[in-house]
Amino acid sequence: MNDENKRVIRQRIDEVAKTLKLPSSPRHPKGRNPHAHLAQVISHACGMSYTQLPDDALPIVMEIIQCCEENPF
């Protein structure tokens with residue numbers, strides 16, 4: 001992924017993480033980190049970090065972030 005696309009994704013992750021309310025978990029007694037959660041969901045869904053994905057995967061990553069925003073888990 002080129003630097004511009006990485007920046008776009010990171011900005012979107014930051015926007016969503018500010019308002020994302022993740023359910024509490026006994027594994028995270030101090031609260032869950034929404035930035036890490038979003039990055040982990042992208043990594044799990046795509047099989048690699050968003051920084052390692054090809055540039056044409058940008059729409060897919062943005063869709064994953066949008067889905068997480070609408071359906072926090």
# chains A, B, ... in the order shown; residues from 1 in each chain; ligands from 1
$ select_by_dssp --residues "chain A" --states "alpha helix (DSSP H)" --output "ChimeraX atom specification"
/A:3-19,34-46,58-70
$ residues_around --residues "A:Asn71" --least-positions-apart "5" --cutoff "10 Å" --atoms "only C-alpha atoms" --output "PyMOL selection string"
chain A and resi 20-22+65-66
$ atom_distance --atom1 "atom CA of A:Thr51" --atom2 "atom CA of A:Met1"
5.5 Å
$ closest_residue --among "A:Ala45, A:Leu58, A:Pro29, A:Ala36" --to "A:Arg7" --atoms "only C-alpha atoms"
A:Leu58
$ atom_distance --atom1 "atom CA of A:Ser25" --atom2 "atom CA of A:Ala39"
18.0 Å
$ residues_around --residues "A:Pro23" --least-positions-apart "6" --cutoff "9 Å" --atoms "only C-alpha atoms" --output "PDB file with N, CA and C atoms, in the first residue's frame"
ATOM      1  N   GLY A  31     -10.560  -1.516  29.754  1.00  0.00           N
ATOM      2  CA  GLY A  31     -11.238  -1.068  28.540  1.00  0.00           C
ATOM      3  C   GLY A  31     -10.519  -1.537  27.289  1.00  0.00           C
ATOM      4  N   ARG A  32     -11.258  -1.575  26.208  1.00  0.00           N
ATOM      5  CA  ARG A  32     -10.711  -2.031  24.936  1.00  0.00           C
ATOM      6  C   ARG A  32     -10.201  -0.849  24.117  1.00  0.00           C
ATOM      7  N   PRO A  72     -20.309  -2.495  16.126  1.00  0.00           N
ATOM      8  CA  PRO A  72     -19.171  -2.754  17.020  1.00  0.00           C
ATOM      9  C   PRO A  72     -19.331  -4.092  17.730  1.00  0.00           C
ATOM     10  N   PHE A  73     -18.223  -4.789  17.893  1.00  0.00           N
ATOM     11  CA  PHE A  73     -18.246  -6.071  18.600  1.00  0.00           C
ATOM     12  C   PHE A  73     -16.974  -6.265  19.366  1.00  0.00           C
TER      13      PHE A  73
END
$ closest_residue --among "A:Cys46, A:Ala17, A:Leu38, A:Val8" --to "A:Ile60" --atoms "only C-alpha atoms"
A:Cys46
$ atom_distance --atom1 "atom CA of A:Ile9" --atom2 "atom CA of A:Gln52"
12.5 Å
$ residues_around --residues "A:Asn2" --least-positions-apart "3" --cutoff "7 Å" --atoms "only C-alpha atoms" --output "NGL selection string"
:A and (5-6 or 55)
$ closest_residue --among "A:Ile64, A:Pro54, A:Ile42, A:His35" --to "A:Gln11" --atoms "only C-alpha atoms"
A:His35
$ closest_residue --among "A:Ser43, A:Asn33, A:Asp3, A:Val61" --to "A:Lys18" --atoms "only C-alpha atoms"
A:Asn33
$ decode --residues "stretch 2-17 of chain A" --atoms "N, CA and C atoms" --output "mmCIF file, in the first residue's frame"
data_model
loop_
_atom_site.group_PDB
_atom_site.id
_atom_site.type_symbol
_atom_site.label_atom_id
_atom_site.label_comp_id
_atom_site.auth_asym_id
_atom_site.auth_seq_id
_atom_site.Cartn_x
_atom_site.Cartn_y
_atom_site.Cartn_z
ATOM 1 N N ASN A 2 0.572 2.193 -0.829
ATOM 2 C CA ASN A 2 1.400 3.395 -0.874
ATOM 3 C C ASN A 2 1.109 4.291 0.340
ATOM 4 N N ASP A 3 1.973 5.246 0.572
ATOM 5 C CA ASP A 3 1.882 6.090 1.764
ATOM 6 C C ASP A 3 0.588 6.891 1.822
ATOM 7 N N GLU A 4 0.115 7.378 0.692
ATOM 8 C CA GLU A 4 -1.125 8.168 0.669
ATOM 9 C C GLU A 4 -2.320 7.317 1.096
ATOM 10 N N ASN A 5 -2.418 6.097 0.590
ATOM 11 C CA ASN A 5 -3.520 5.217 0.969
ATOM 12 C C ASN A 5 -3.429 4.813 2.445
ATOM 13 N N LYS A 6 -2.226 4.586 2.931
ATOM 14 C CA LYS A 6 -2.042 4.285 4.356
ATOM 15 C C LYS A 6 -2.534 5.445 5.213
ATOM 16 N N ARG A 7 -2.228 6.674 4.785
ATOM 17 C CA ARG A 7 -2.649 7.861 5.525
ATOM 18 C C ARG A 7 -4.173 7.982 5.540
ATOM 19 N N VAL A 8 -4.801 7.707 4.402
ATOM 20 C CA VAL A 8 -6.263 7.764 4.309
ATOM 21 C C VAL A 8 -6.900 6.751 5.256
ATOM 22 N N ILE A 9 -6.372 5.542 5.263
ATOM 23 C CA ILE A 9 -6.901 4.498 6.141
ATOM 24 C C ILE A 9 -6.685 4.877 7.600
ATOM 25 N N ARG A 10 -5.507 5.339 7.925
ATOM 26 C CA ARG A 10 -5.208 5.703 9.314
ATOM 27 C C ARG A 10 -6.120 6.833 9.795
ATOM 28 N N GLN A 11 -6.383 7.811 8.937
ATOM 29 C CA GLN A 11 -7.292 8.900 9.299
ATOM 30 C C GLN A 11 -8.696 8.367 9.567
ATOM 31 N N ARG A 12 -9.141 7.455 8.722
ATOM 32 C CA ARG A 12 -10.489 6.882 8.895
ATOM 33 C C ARG A 12 -10.554 6.052 10.177
ATOM 34 N N ILE A 13 -9.510 5.287 10.460
ATOM 35 C CA ILE A 13 -9.459 4.522 11.706
ATOM 36 C C ILE A 13 -9.526 5.476 12.900
ATOM 37 N N ASP A 14 -8.782 6.570 12.856
ATOM 38 C CA ASP A 14 -8.793 7.548 13.947
ATOM 39 C C ASP A 14 -10.179 8.162 14.136
ATOM 40 N N GLU A 15 -10.857 8.502 13.034
ATOM 41 C CA GLU A 15 -12.202 9.072 13.112
ATOM 42 C C GLU A 15 -13.175 8.102 13.776
ATOM 43 N N VAL A 16 -13.160 6.875 13.326
ATOM 44 C CA VAL A 16 -14.096 5.874 13.836
ATOM 45 C C VAL A 16 -13.760 5.517 15.282
ATOM 46 N N ALA A 17 -12.489 5.417 15.605
ATOM 47 C CA ALA A 17 -12.076 5.026 16.954
ATOM 48 C C ALA A 17 -12.517 6.035 18.005
#
